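A.B. asks: A single structure is presented below for examination.
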Protein chains: 2
Amino acid sequence: MNIKDIAKKCNLSVATISRVINNDPKVADSTRKKVLSVIDKYKFVPNITGRSLRTQKSNKILVLLPTMSNQFYSEIIQGIEETAEEKGYAILVAVTNLQEHQEIKYLHMLRMKHVDGCISLFNTIDAESISSLAKTYPFVQCCEPTMGADVSSVEINNRQAVYDVVNQFIQKGHKTIGMISGDYYKTSELGRETGYKEALRDNGLVFEKSLLVKNFYRYEDGAIGAKKIMAHNPKPTAIVCASDSLALGATSYLKSEGYTVGKDICVMGFDNTAITTYTSPTISSIGQPRYDLGKESFKLLYEKLENINSTNKKIILPYEIIHRESTGCSK
Amino acid sequence: MNIKDIAKKCNLSVATISRVINNDPKVADSTRKKVLSVIDKYKFVPNITGRSLRTQKSNKILVLLPTMSNQFYSEIIQGIEETAEEKGYAILVAVTNLQEHQEIKYLHMLRMKHVDGCISLFNTIDAESISSLAKTYPFVQCCEPTMGADVSSVEINNRQAVYDVVNQFIQKGHKTIGMISGDYYKTSELGRETGYKEALRDNGLVFEKSLLVKNFYRYEDGAIGAKKIMAHNPKPTAIVCASDSLALGATSYLKSEGYTVGKDICVMGFDNTAITTYTSPTISSIGQPRYDLGKESFKLLYEKLENINSTNKKIILPYEIIHRESTGCSK
DNA sequence: CTTTTTTATTTAAACGTTTACATTTATATT
DNA sequence: AATATAAATGTAAACGTTTAAATAAAAAAG
């Protein structure tokens with residue numbers, strides 16, 4: 001059942017059927033009604049490939065993830081998906097597993113016109129490549145804009161978030177504060193570490209290298225980090241972490257060493273993933289507006305889909321500091 | 001740059017170019033070499049939409065997930081993805097959020113030929129609908145085959161897995177064993193619960209309704225379930241859970257009540273997600289071969305893609321019982 | 001050196017749409 | 001009533017491939 005068949009059933013030309021399908025106002029109400037009823041009767045659905053070939057659009061967008069094994073992305077994708085659907089776009093999710101050749105392979109889908117645009121949650125390729133890609137193809141970075149790249153992006157103010165948290169700690173009397181960060185997501189990491197350092201500085205505290213440890217984002221790294229930090233003298237009374245898994249690992253190490261987290265020492269996570277409420281103590285965390293990060297990313301992408309020459313925008317969304325048991329303590 | 005342009009550059013017809021692209025042996029070696037060099041020179045990539053329209057295949061398959069916020073699926077998808085890629089298929093991931101209208105919407109992509117086939121990780125629609133869908137379109141169920149549906153599927157033996165675990169508990173001297181299950185994934189749930197009941201029966205123990213609680217799969221439900229089960233007299237000394245989050249919730253409740261999990265009471269999770277090693281105590285779990293579940297699912301789907309009338313197959317893959325701290329105890 | 005067979009290449013139609021342009025029909029203006 | 005204008009519909013080309021069928025070229029057979 002194709003548009004020709006429908007045209008025959010209606011005693012009309014395919015053009016008119018097409019116009020009805022595409023809500024072209026230049027068709028008489030009576031004919032429109034007739035056509036719609038026939039379409040409905042035969043449950044006709046226009047062939048998307050034919051349409052794509054003709055319009056030179058796939059009506060699909062690519063969502064590029066560094067990994068699937070991160071709770072964090074699911075809601076972002078939902079935000080993208082639901083906003084995209086309103087505009088008639090389907091999403092295609094691909095995972096790079098942090099490998100550059102995978103990333104390049106998937107980005108090639110843009111050039112091959114398999115997809116009309118791309119929202120990327122993380123990129124390894126350099127700023128210049130990103131800029132030039134974004135000049136030619138609709139492309140938006142979400143959460144981790146490449147530094148120095150000329151591209152539309154959506155993120156939170158990572159620097160300010162950690163700044164606020166450390167500031168709160170200091171207001172509560174904490175004097176020695178550690179930080180466990182990662183060594184991969186360059187942009188957000190740098191922001192978070194800068195926030196840490198600036199909050200110390202603005203409160204007259206000196207930044208000490210041994211209180212900031214960087215590694216991966218695995219649970220184990222949280223434990224290792226906490227161990228290193230607790231070796232400091234005087235002993236830290238608060239630790240801010242660049243992810244919830246790090247905070248969890250740190251907490252578990254601290255517990256095993258006899259500390260009561262939330263009392264002897266405060267631990268702050270990042271991303272407010274579900275796991276934060278599944279543990280004892282529950283983990284305080286900095287929450288990102290995940291759904292909206294996705295939603296706004298698509299909106300930016302849509303501007304590019306409509307006009308590739310529209311100016312790049314950088315959107316900053318608000319974060320949220322959620323206190324749970326792990327930060328119950330003042331000093 | 002399209003196939004016509006290449007043809008012109010080569011002084012050949014488009015047909016010959018097409019044959020080179022598709023490795024048709026009916027083309028002279030010398031011409032093939034020439035064509036390939038031109039293709040390479042201009043970095044020509046065949047337009048997939050044109051090809052799809054002509055061949056009436058999209059070379060895409062749909063992967064249908066109940067939810068993205070489950071660690072468990074990521075590796076399955078990877079298994080599908082990598083196997084699919086070898087055969088030239090790209091995957092499109094969609095999430096139903098357990099809503100039937102979403103499921104129906106996405107399955108419609110099969111009829112609309114947006115995708116050539118579908119691997120579904122969960123279905124709400126009834127067995128008859130599944131059977132008739134699978135008769136017309138390449139369709140495979142992974143992990144949660146609909147009971148009574150005539151369809152290819154891949155899963156583990158859920159019944160046997162729990163049977164084994166409960167049996168082990170009994171061998172170790174446990175006499176009162178509870179189970180926390182869910183109330184959604186009909187197939188795996190029923191299997192797991194049956195395994196529980198049969199192991200009790202085969203060891204001369206009676207199944208008591210109050211020792212099997214069913215609810216959702218959330219963390220909270222694990223805590224609620226454990227509370228109910230511990231109200232039993234005599235007190236249970238082991239609990240098997242239908243998911244890791246349930247096991248985690250149960251463990252957290254038990255700890256808060258002063259029990260030492262792994263010593264006073266054993267807790268077994270299901271799915272062996274990363275979270276099991278992030279907690280104290282670490283959680284024992286039943287592991288499914290996730291990558292292979294995905295891989296085998298695609299293989300089955302591929303059989304259907306090649307011949308929709310090939311017979312349906314049911315594949316059962318091995319599971320793995322992983323003991324960690326939470327099951328350290330014998331009685 | 002024909003004729004037949006095999007191999008290589010071309011021609012042209014087809015896939016299912018959309019859309020500029022042409023045409024017909026209806027309505028408004030004189 | 002004749003003409004101009006507007007609205008509705010039709011015609012046909014185009015999007016980029018693949019692939020039967022037709023043809024041309026080369027090789028084998030006589």
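Starting from 1 in every chain, residues are counted up; chains themselves are A, B, ... following the order of the structure tokens, and ligands are numbered from 1 as listed.
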Could you list, as a ChimeraX atom specification, every residue of chain A that has an atom within 12 Å of an atom of chain C, counting only C-alpha atoms (C1' of nucleotides)?
C.D. replies: /A:1-5,14-22,24,28,45-57
A.B. asks: Could you give me, as a list in words, the residues within 9 Å of Val165 in chain A, counting only C-alpha atoms (C1' of nucleotides) and dropping anything in the same chain fewer than 4 positions from it?
C.D. replies: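 Near Val165 in chain A, the qualifying residues are Gln160, Ala161, Phe169, Ile170, Tyr196, Ala199, Val240, Met268, Ile286 and Ile321 of chain A.
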A.B. asks: From the set B:Ala84, B:Leu248, B:Val27, B:Leu305, which residue has the shortest atom-to-atom contact distance to chain A, counting only C-alpha atoms?
C.D. replies: B:Leu248
A.B. asks: Residues of chain D within 8 Å of chain A, using only C-alpha atoms (C1' of nucleotides), as a PyMOL selection string?
C.D. replies: chain D and resi 7-10+14-16
A.B. asks: Select, as JSON, numbers by chain, those residues of chain B with any atom no more than 9 Å from chain A (distances computed using only C-alpha atoms).
C.D. replies: {"B": [45, 46, 47, 48, 49, 50, 52, 53, 56, 58, 67, 68, 69, 70, 71, 72, 73, 74, 75, 77, 78, 81, 91, 92, 93, 94, 95, 111, 112, 113, 114, 219, 220, 245, 248, 249, 252, 256, 275, 277, 278, 279, 280]}
A.B. asks: Could you pull out all residues of range 67-127 of chain A with a DSSP call of strand (DSSP E or B) and give them as a ChimeraX atom specification?
C.D. replies: /A:90-95,117-120
A.B. asks: CA of Ser153 in chain B and CA of Asp292 in chain B are how many Å apart?
C.D. replies: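 That distance, rounded to one decimal, is 12.7 Å.
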A.B. asks: Extract, using only C-alpha atoms (C1' of nucleotides), all DNA, RNA and protein residues at most 8 Å from Glu103 in chain A, discarding same-chain residues fewer than 5 positions from it, and format them as a list in words.
C.D. replies: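 Final neighbour list, sorted by chain and number: Leu64, Thr96, Leu98, Asn123 and Thr124 of chain A.
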A.B. asks: When you look at range 225-228 of chain A with a cut-off of 7 Å (counting only C-alpha atoms (C1' of nucleotides)), what residues show up, excluding the ones that are within fewer than 6 positions of it in the same chain? I need them as a list in words.
C.D. replies: Ile180, Val213, Ala250 and Tyr253 of chain A
A.B. asks: What are the DSSP alpha helix (DSSP H) residues of range 167-316 of chain B, as a ChimeraX atom specification?
C.D. replies: /B:167-171,186-202,219-230,244-256,290-306
A.B. asks: Between CA of Lys172 in chain A and CA of Val206 in chain A, what distance in Å does the model show, to one decimal?
C.D. replies: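 These two atoms are separated by 17.5 Å.
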